[in-house]
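This report concerns only the one structure given below.
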Amino acid sequence: MGDMGGDQVSEAVAGSAALLRTVSGRDWDGVKAGRLAWSCRETAVHICSDLIAYAGQLAGRATKAYVPFDIAMEDGTDNAGVVDVIETTGALLAATVRTTPREVRAFHPYPFRSANREGFAAMGVAEVLLHTHDIAEGLGVPYEPAAALCEDVLTRIFPHVRPGPDHWRTLLWATGRGELPGRAPVTEWRWSNNLVTGSERLTLQGVTPAAAADLRAGGTGGFAWIEGGPFEGTREAAGMVVKAYEAGVHRPEWGLFVLVRTEDGRAVGGMGFHGTPDEEGRAEVGYDLAEKARGNGYATEALRALAGRALAHDDVKVLFATVDQDNAPSQGVISRAGFTRVSEDGEQFAYELRGTDRSLLTPARQD
């Protein structure tokens, strides 16, 4: 799977600039941009601000807040000059994304307080596509970006949105800019960068629908795996993510996480949930490791971190898992993580961890 990165940012910016130059001689100050309260001119400047802000976050490795700077046009800058700035700030973001290591994360508030280079690229592309649409709508000119760009955005930062037959129309609907048959209008929305939870030696990195589809198809999901990875259980779990996404019921906090060693950025296994908690507050967990990674305590460490985070939710009462009776190593993992065996059914043992037992767990670190 190819990352969503600098090439997509460049493509989105090039398409936007090409359209905006055809209308740069018109009045942008006196025309509202589509459904926004901003004028077309203000919206174009906003595109520049977003692109440079995202580049700054990544380049500066900001971790606690936005880097406190903004962009302003020199007095007398005409609309064509603003388009020049869109191209320049787009080039800066594209270059930053291309040169930032995969494991770097920087601050962004929605919804888990950070994003990686792919997330910032997706957010930058979304800002360009959507606000170019707003300007085009205000000026009464047609605009439709490449479907692949829209799909890239949807499968990276809109994991909660059920795919539609048309990626561009789905993105417009998901951001309150259009309608889709059979779906209620959207009045409030946020995109969703992938969740990352840390432990002593690992980061548990949330798998996006795009990465899940690649894993299911036999790819790497964009991760650098140790020899023998990913194992079959991770690919099966990725398939569950894809099915949930296609049904519109995927929730990132209750999906699949890839376990990545902090020492070298290598993925060693997968862990996650079989879906959202049920009405009784029960959620099922599953996990596996590449064979070369076993025997190092990674699964126990990751399960403690993931369980601790899950049980911190007030509506989660019990985590449970089933383990084959002949799988002694997995039984050891789940027991060391604080789960208690509660029954046996056929060829499997059932284990539970209740919220009252969370004191046994290692607090998760959110990166």
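Letters A, B, ... mark the chains of the structure tokens in the order given; residue numbers begin at 1 per chain; ligand numbers begin at 1, in order shown.
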
Find the nearest atom pair between each residue of stretch 107-226 of chain A and stretch 77-95 of chain A for residues within 12 Å, count only C-alpha atoms, give distances in Å to one decimal, sort rows by chain and ascending number, and present the table as a Markdown table.
```
| residue | atom | partner | partner_atom | distance |
| --- | --- | --- | --- | --- |
| A:Arg117 | CA | A:Leu93 | CA | 9.8 |
| A:Glu118 | CA | A:Ala94 | CA | 10.8 |
| A:Gly119 | CA | A:Leu93 | CA | 12.0 |
| A:Phe120 | CA | A:Leu93 | CA | 8.6 |
| A:Ala121 | CA | A:Ala94 | CA | 7.6 |
| A:Ala122 | CA | A:Ala94 | CA | 11.0 |
| A:Met123 | CA | A:Leu93 | CA | 10.8 |
| A:Gly124 | CA | A:Leu93 | CA | 7.9 |
| A:Val125 | CA | A:Gly90 | CA | 9.2 |
| A:Glu127 | CA | A:Gly90 | CA | 10.9 |
| A:Val128 | CA | A:Ile86 | CA | 9.0 |
| A:His131 | CA | A:Ile86 | CA | 11.7 |
| A:Thr132 | CA | A:Ile86 | CA | 10.9 |
```

How would the residues just chosen look if you wrote them out with N, CA, C and O atoms as a PDB file, in the first residue's frame?
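out29.pdb, written as the output of this step:
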```
ATOM      1  N   ARG A 117       2.255  11.659   9.623  1.00  0.00           N
ATOM      2  CA  ARG A 117       2.425  12.358   8.348  1.00  0.00           C
ATOM      3  C   ARG A 117       1.269  12.066   7.400  1.00  0.00           C
ATOM      4  O   ARG A 117       0.833  12.950   6.647  1.00  0.00           O
ATOM      5  N   GLU A 118       0.757  10.829   7.423  1.00  0.00           N
ATOM      6  CA  GLU A 118      -0.354  10.480   6.557  1.00  0.00           C
ATOM      7  C   GLU A 118      -1.613  11.243   6.957  1.00  0.00           C
ATOM      8  O   GLU A 118      -2.381  11.696   6.112  1.00  0.00           O
ATOM      9  N   GLY A 119      -1.813  11.405   8.267  1.00  0.00           N
ATOM     10  CA  GLY A 119      -2.960  12.165   8.734  1.00  0.00           C
ATOM     11  C   GLY A 119      -2.887  13.622   8.319  1.00  0.00           C
ATOM     12  O   GLY A 119      -3.882  14.208   7.870  1.00  0.00           O
ATOM     13  N   PHE A 120      -1.709  14.225   8.458  1.00  0.00           N
ATOM     14  CA  PHE A 120      -1.581  15.631   8.053  1.00  0.00           C
ATOM     15  C   PHE A 120      -1.740  15.785   6.543  1.00  0.00           C
ATOM     16  O   PHE A 120      -2.307  16.774   6.072  1.00  0.00           O
ATOM     17  N   ALA A 121      -1.242  14.820   5.789  1.00  0.00           N
ATOM     18  CA  ALA A 121      -1.457  14.871   4.345  1.00  0.00           C
ATOM     19  C   ALA A 121      -2.940  14.790   4.021  1.00  0.00           C
ATOM     20  O   ALA A 121      -3.454  15.556   3.189  1.00  0.00           O
ATOM     21  N   ALA A 122      -3.642  13.867   4.662  1.00  0.00           N
ATOM     22  CA  ALA A 122      -5.071  13.702   4.403  1.00  0.00           C
ATOM     23  C   ALA A 122      -5.852  14.951   4.797  1.00  0.00           C
ATOM     24  O   ALA A 122      -6.768  15.384   4.074  1.00  0.00           O
ATOM     25  N   MET A 123      -5.496  15.542   5.942  1.00  0.00           N
ATOM     26  CA  MET A 123      -6.181  16.763   6.355  1.00  0.00           C
ATOM     27  C   MET A 123      -5.898  17.906   5.382  1.00  0.00           C
ATOM     28  O   MET A 123      -6.790  18.696   5.046  1.00  0.00           O
ATOM     29  N   GLY A 124      -4.652  18.003   4.922  1.00  0.00           N
ATOM     30  CA  GLY A 124      -4.326  19.043   3.960  1.00  0.00           C
ATOM     31  C   GLY A 124      -5.083  18.881   2.660  1.00  0.00           C
ATOM     32  O   GLY A 124      -5.621  19.846   2.102  1.00  0.00           O
ATOM     33  N   VAL A 125      -5.140  17.652   2.168  1.00  0.00           N
ATOM     34  CA  VAL A 125      -5.886  17.389   0.934  1.00  0.00           C
ATOM     35  C   VAL A 125      -7.362  17.714   1.137  1.00  0.00           C
ATOM     36  O   VAL A 125      -8.007  18.324   0.276  1.00  0.00           O
ATOM     37  N   GLU A 127      -8.742  19.864   3.193  1.00  0.00           N
ATOM     38  CA  GLU A 127      -8.938  21.317   3.213  1.00  0.00           C
ATOM     39  C   GLU A 127      -8.920  21.897   1.801  1.00  0.00           C
ATOM     40  O   GLU A 127      -9.736  22.755   1.454  1.00  0.00           O
ATOM     41  N   VAL A 128      -7.987  21.424   0.983  1.00  0.00           N
ATOM     42  CA  VAL A 128      -7.882  21.938  -0.386  1.00  0.00           C
ATOM     43  C   VAL A 128      -9.123  21.572  -1.193  1.00  0.00           C
ATOM     44  O   VAL A 128      -9.739  22.431  -1.845  1.00  0.00           O
ATOM     45  N   HIS A 131     -12.508  23.310   0.363  1.00  0.00           N
ATOM     46  CA  HIS A 131     -12.615  24.767   0.259  1.00  0.00           C
ATOM     47  C   HIS A 131     -12.516  25.247  -1.192  1.00  0.00           C
ATOM     48  O   HIS A 131     -13.062  26.309  -1.524  1.00  0.00           O
ATOM     49  N   THR A 132     -11.853  24.489  -2.038  1.00  0.00           N
ATOM     50  CA  THR A 132     -11.931  24.823  -3.465  1.00  0.00           C
ATOM     51  C   THR A 132     -13.362  24.631  -3.947  1.00  0.00           C
ATOM     52  O   THR A 132     -13.886  25.445  -4.733  1.00  0.00           O
TER      53      THR A 132
END
```

DSSP on the backbone: what in stretch 136-342 of chain A comes out alpha helix (DSSP H), as a PyMOL selection string? chain A and resi 136-139+147-157+167-174+209-216+232-247+298-311+328-336

Restricting to only C-alpha atoms, whichever of A:Ala53, A:Leu172, A:Leu289, A:Ala267 is closest to A:Ala224 is A:Ala267

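Between atom CA of A:Ile135 and atom CA of A:Arg35 the separation is 9.6 Å.
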
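The shortest atom-to-atom distance to A:Ala146, with only C-alpha atoms taken into account, belongs to A:Ser16 out of A:Thr234, A:Ser16, A:Thr22, A:Ser49.
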
Could you give me, as JSON, numbers by chain, the residues within 9 Å of A:Asp7, counting only C-alpha atoms and dropping anything in the same chain fewer than 3 positions from it? {"A": [4, 10, 11, 12, 94, 98]}

Open item on the list: Excluding stretch 151-160 of chain A and its own-chain neighbours fewer than 6 positions away, which residues fall within 9 Å of it when counting only C-alpha atoms? Please give them as a ChimeraX atom specification.
Closed with: /A:4,8,118-119,121-123,125-126,167-168,170-171,174,190-194,208-211,245,248-252

Selected residues, N, CA, C and O atoms, written as an mmCIF file, in the first residue's frame, please.
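Okay, this is what ended up in out_25.cif:
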```
data_model
loop_
_atom_site.group_PDB
_atom_site.id
_atom_site.type_symbol
_atom_site.label_atom_id
_atom_site.label_comp_id
_atom_site.auth_asym_id
_atom_site.auth_seq_id
_atom_site.Cartn_x
_atom_site.Cartn_y
_atom_site.Cartn_z
ATOM 1 N N MET A 4 -0.535 7.757 1.945
ATOM 2 C CA MET A 4 -1.082 9.017 1.483
ATOM 3 C C MET A 4 -0.074 10.073 1.884
ATOM 4 O O MET A 4 0.216 10.255 3.071
ATOM 5 N N GLN A 8 -0.134 13.168 -3.144
ATOM 6 C CA GLN A 8 -1.559 13.516 -3.100
ATOM 7 C C GLN A 8 -1.765 14.989 -2.760
ATOM 8 O O GLN A 8 -2.654 15.643 -3.312
ATOM 9 N N GLU A 118 0.757 10.829 7.423
ATOM 10 C CA GLU A 118 -0.354 10.480 6.557
ATOM 11 C C GLU A 118 -1.613 11.243 6.957
ATOM 12 O O GLU A 118 -2.381 11.696 6.112
ATOM 13 N N GLY A 119 -1.813 11.405 8.267
ATOM 14 C CA GLY A 119 -2.960 12.165 8.734
ATOM 15 C C GLY A 119 -2.887 13.622 8.319
ATOM 16 O O GLY A 119 -3.882 14.208 7.870
ATOM 17 N N ALA A 121 -1.242 14.820 5.789
ATOM 18 C CA ALA A 121 -1.457 14.871 4.345
ATOM 19 C C ALA A 121 -2.940 14.790 4.021
ATOM 20 O O ALA A 121 -3.454 15.556 3.189
ATOM 21 N N ALA A 122 -3.642 13.867 4.662
ATOM 22 C CA ALA A 122 -5.071 13.702 4.403
ATOM 23 C C ALA A 122 -5.852 14.951 4.797
ATOM 24 O O ALA A 122 -6.768 15.384 4.074
ATOM 25 N N MET A 123 -5.496 15.542 5.942
ATOM 26 C CA MET A 123 -6.181 16.763 6.355
ATOM 27 C C MET A 123 -5.898 17.906 5.382
ATOM 28 O O MET A 123 -6.790 18.696 5.046
ATOM 29 N N VAL A 125 -5.140 17.652 2.168
ATOM 30 C CA VAL A 125 -5.886 17.389 0.934
ATOM 31 C C VAL A 125 -7.362 17.714 1.137
ATOM 32 O O VAL A 125 -8.007 18.324 0.276
ATOM 33 N N ALA A 126 -7.924 17.310 2.278
ATOM 34 C CA ALA A 126 -9.333 17.593 2.545
ATOM 35 C C ALA A 126 -9.602 19.092 2.541
ATOM 36 O O ALA A 126 -10.595 19.556 1.950
ATOM 37 N N HIS A 167 -17.257 8.678 -4.300
ATOM 38 C CA HIS A 167 -16.405 9.150 -3.214
ATOM 39 C C HIS A 167 -16.508 10.659 -3.001
ATOM 40 O O HIS A 167 -16.509 11.126 -1.849
ATOM 41 N N TRP A 168 -16.578 11.434 -4.069
ATOM 42 C CA TRP A 168 -16.659 12.881 -3.937
ATOM 43 C C TRP A 168 -17.972 13.291 -3.292
ATOM 44 O O TRP A 168 -18.003 14.101 -2.365
ATOM 45 N N THR A 170 -19.786 11.485 -1.359
ATOM 46 C CA THR A 170 -19.767 11.028 0.032
ATOM 47 C C THR A 170 -18.975 11.991 0.906
ATOM 48 O O THR A 170 -19.388 12.319 2.027
ATOM 49 N N LEU A 171 -17.837 12.479 0.404
ATOM 50 C CA LEU A 171 -17.029 13.427 1.168
ATOM 51 C C LEU A 171 -17.794 14.735 1.375
ATOM 52 O O LEU A 171 -17.773 15.301 2.478
ATOM 53 N N ALA A 174 -20.420 14.049 4.020
ATOM 54 C CA ALA A 174 -19.835 13.838 5.344
ATOM 55 C C ALA A 174 -19.388 15.132 5.991
ATOM 56 O O ALA A 174 -19.224 15.197 7.220
ATOM 57 N N ARG A 190 -16.554 15.971 12.375
ATOM 58 C CA ARG A 190 -15.126 16.025 12.639
ATOM 59 C C ARG A 190 -14.479 14.871 11.893
ATOM 60 O O ARG A 190 -15.055 13.795 11.787
ATOM 61 N N TRP A 191 -13.283 15.087 11.408
ATOM 62 C CA TRP A 191 -12.558 13.933 10.899
ATOM 63 C C TRP A 191 -11.865 13.232 12.066
ATOM 64 O O TRP A 191 -11.859 13.728 13.199
ATOM 65 N N SER A 192 -11.292 12.081 11.810
ATOM 66 C CA SER A 192 -10.742 11.256 12.879
ATOM 67 C C SER A 192 -9.398 10.672 12.466
ATOM 68 O O SER A 192 -9.337 9.746 11.664
ATOM 69 N N ASN A 193 -8.330 11.218 13.026
ATOM 70 C CA ASN A 193 -7.007 10.626 12.833
ATOM 71 C C ASN A 193 -6.897 9.341 13.647
ATOM 72 O O ASN A 193 -7.629 9.130 14.613
ATOM 73 N N ASN A 194 -5.975 8.478 13.250
ATOM 74 C CA ASN A 194 -5.874 7.195 13.937
ATOM 75 C C ASN A 194 -5.372 7.365 15.370
ATOM 76 O O ASN A 194 -4.580 8.255 15.682
ATOM 77 N N THR A 208 -6.219 2.234 9.980
ATOM 78 C CA THR A 208 -7.266 2.903 9.213
ATOM 79 C C THR A 208 -7.922 1.917 8.247
ATOM 80 O O THR A 208 -7.362 0.862 7.940
ATOM 81 N N PRO A 209 -9.109 2.240 7.728
ATOM 82 C CA PRO A 209 -9.715 1.369 6.717
ATOM 83 C C PRO A 209 -8.820 1.141 5.509
ATOM 84 O O PRO A 209 -8.805 0.035 4.940
ATOM 85 N N ALA A 210 -8.053 2.150 5.113
ATOM 86 C CA ALA A 210 -7.147 1.977 3.979
ATOM 87 C C ALA A 210 -6.075 0.946 4.299
ATOM 88 O O ALA A 210 -5.777 0.055 3.485
ATOM 89 N N ALA A 211 -5.474 1.041 5.482
ATOM 90 C CA ALA A 211 -4.447 0.084 5.877
ATOM 91 C C ALA A 211 -5.034 -1.306 6.077
ATOM 92 O O ALA A 211 -4.413 -2.314 5.737
ATOM 93 N N TYR A 245 -16.251 -1.052 8.391
ATOM 94 C CA TYR A 245 -16.204 0.225 7.672
ATOM 95 C C TYR A 245 -17.235 0.259 6.554
ATOM 96 O O TYR A 245 -17.981 1.240 6.408
ATOM 97 N N GLY A 248 -20.538 0.893 7.839
ATOM 98 C CA GLY A 248 -20.737 2.157 8.525
ATOM 99 C C GLY A 248 -20.765 2.051 10.032
ATOM 100 O O GLY A 248 -21.229 2.977 10.719
ATOM 101 N N VAL A 249 -20.237 0.939 10.592
ATOM 102 C CA VAL A 249 -20.275 0.754 12.045
ATOM 103 C C VAL A 249 -18.878 0.707 12.660
ATOM 104 O O VAL A 249 -18.733 0.429 13.845
ATOM 105 N N HIS A 250 -17.841 0.972 11.860
ATOM 106 C CA HIS A 250 -16.482 0.953 12.403
ATOM 107 C C HIS A 250 -16.266 2.155 13.304
ATOM 108 O O HIS A 250 -16.597 3.284 12.952
ATOM 109 N N ARG A 251 -15.682 1.885 14.497
ATOM 110 C CA ARG A 251 -15.286 2.943 15.413
ATOM 111 C C ARG A 251 -13.815 2.724 15.762
ATOM 112 O O ARG A 251 -13.450 1.672 16.286
ATOM 113 N N PRO A 252 -12.954 3.697 15.470
ATOM 114 C CA PRO A 252 -11.510 3.490 15.579
ATOM 115 C C PRO A 252 -11.038 2.968 16.924
ATOM 116 O O PRO A 252 -10.114 2.154 16.988
#
```

For A:Asn327, the closest of A:Val258, A:Glu103, A:Thr356, A:Asp288 counting only C-alpha atoms is A:Asp288

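The space separating atom CA of A:Asp27 from atom CA of A:His46 comes to 17.0 Å.
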
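As for atom CA of A:Asp264 and atom CA of A:Gly206, they are spaced 18.1 Å apart.
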
Which parts of stretch 130-305 of chain A does DSSP call strand (DSSP E or B) when run on the backbone here, written out as a VMD selection string?
-> chain A and resid 196 to 198 202 to 206 224 to 225 256 to 261 266 to 273 282 to 289

Give me the residues within 12 Å of A:Val268 as number ranges by chain, counting only C-alpha atoms and dropping any in the same chain fewer than 3 places off.
A: 201-205, 220, 223-231, 234, 257-265, 271, 287-299, 302

Give me the residues near A:Arg61 as an mmCIF file with N, CA and C atoms, in the first residue's frame, where near means some atom within 9 Å (using only C-alpha atoms) and where sequence neighbours in that chain fewer than 2 positions away do not count.
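Okay, result_0.cif is ready:
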```cif
data_model
loop_
_atom_site.group_PDB
_atom_site.id
_atom_site.type_symbol
_atom_site.label_atom_id
_atom_site.label_comp_id
_atom_site.auth_asym_id
_atom_site.auth_seq_id
_atom_site.Cartn_x
_atom_site.Cartn_y
_atom_site.Cartn_z
ATOM 1 N N GLY A 56 4.006 23.225 9.474
ATOM 2 C CA GLY A 56 4.687 23.665 10.678
ATOM 3 C C GLY A 56 4.576 22.664 11.815
ATOM 4 N N GLN A 57 3.389 22.077 11.974
ATOM 5 C CA GLN A 57 3.213 21.082 13.034
ATOM 6 C C GLN A 57 4.176 19.913 12.856
ATOM 7 N N LEU A 58 4.238 19.404 11.625
ATOM 8 C CA LEU A 58 5.111 18.251 11.359
ATOM 9 C C LEU A 58 6.586 18.630 11.430
ATOM 10 N N ALA A 59 6.939 19.725 10.795
ATOM 11 C CA ALA A 59 8.352 20.112 10.759
ATOM 12 C C ALA A 59 8.867 20.433 12.152
ATOM 13 N N THR A 63 4.014 18.865 19.906
ATOM 14 C CA THR A 63 3.335 17.767 20.588
ATOM 15 C C THR A 63 2.235 18.213 21.544
ATOM 16 N N VAL A 104 6.783 9.582 13.401
ATOM 17 C CA VAL A 104 6.613 10.905 14.004
ATOM 18 C C VAL A 104 5.127 11.255 14.075
ATOM 19 N N ARG A 105 4.724 11.776 15.205
ATOM 20 C CA ARG A 105 3.370 12.296 15.366
ATOM 21 C C ARG A 105 3.466 13.709 15.911
ATOM 22 N N ALA A 106 2.532 14.555 15.507
ATOM 23 C CA ALA A 106 2.509 15.932 15.974
ATOM 24 C C ALA A 106 1.091 16.285 16.411
ATOM 25 N N PHE A 107 0.973 17.358 17.150
ATOM 26 C CA PHE A 107 -0.313 17.724 17.747
ATOM 27 C C PHE A 107 -1.359 18.076 16.701
#
```

* Mind checking which residues fall within 7 Å of stretch 143-145 of chain A, counting only C-alpha atoms, ignoring those fewer than 6 positions away in the same chain, and posting them as a PyMOL selection string? => chain A and resi 129+133+136

Residues from the last selection, all heavy atoms, saved as a compact mmCIF listing (two decimals), in the first residue's frame:
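This went into again.txt:
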```
# COMPACT_ATOMS: atom_id res chain seq x y z
N LEU A 129 -9.50 20.31 -1.16
CA LEU A 129 -10.65 19.88 -1.96
C LEU A 129 -11.93 20.57 -1.53
O LEU A 129 -12.70 21.07 -2.37
CB LEU A 129 -10.83 18.36 -1.85
CG LEU A 129 -9.67 17.45 -2.26
CD1 LEU A 129 -10.12 15.99 -2.22
CD2 LEU A 129 -9.13 17.81 -3.62
N HIS A 133 -14.00 23.57 -3.48
CA HIS A 133 -15.43 23.37 -3.79
C HIS A 133 -16.26 24.56 -3.31
O HIS A 133 -17.15 25.05 -4.04
CB HIS A 133 -15.93 22.09 -3.12
CG HIS A 133 -17.42 22.04 -2.97
ND1 HIS A 133 -18.26 21.67 -4.00
CD2 HIS A 133 -18.23 22.33 -1.91
CE1 HIS A 133 -19.53 21.72 -3.59
NE2 HIS A 133 -19.53 22.12 -2.32
N ALA A 136 -15.66 27.49 -5.62
CA ALA A 136 -16.26 27.22 -6.93
C ALA A 136 -17.78 27.35 -6.87
O ALA A 136 -18.40 27.89 -7.79
CB ALA A 136 -15.86 25.83 -7.41
```

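The smallest atom-to-atom distance between A:Ala305 and any of A:Gly198, A:Gly233, A:Gly5, A:Gly281, using only C-alpha atoms, is found for A:Gly198.
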
Using only C-alpha atoms, the residue out of A:Val323, A:Leu139, A:Val161, A:Ile71 with shortest distance to A:Ala244 is A:Val161

Counting only C-alpha atoms, closest pick from A:Ser343, A:Thr100, A:Glu301, A:Glu179 relative to A:Gly60 is A:Thr100
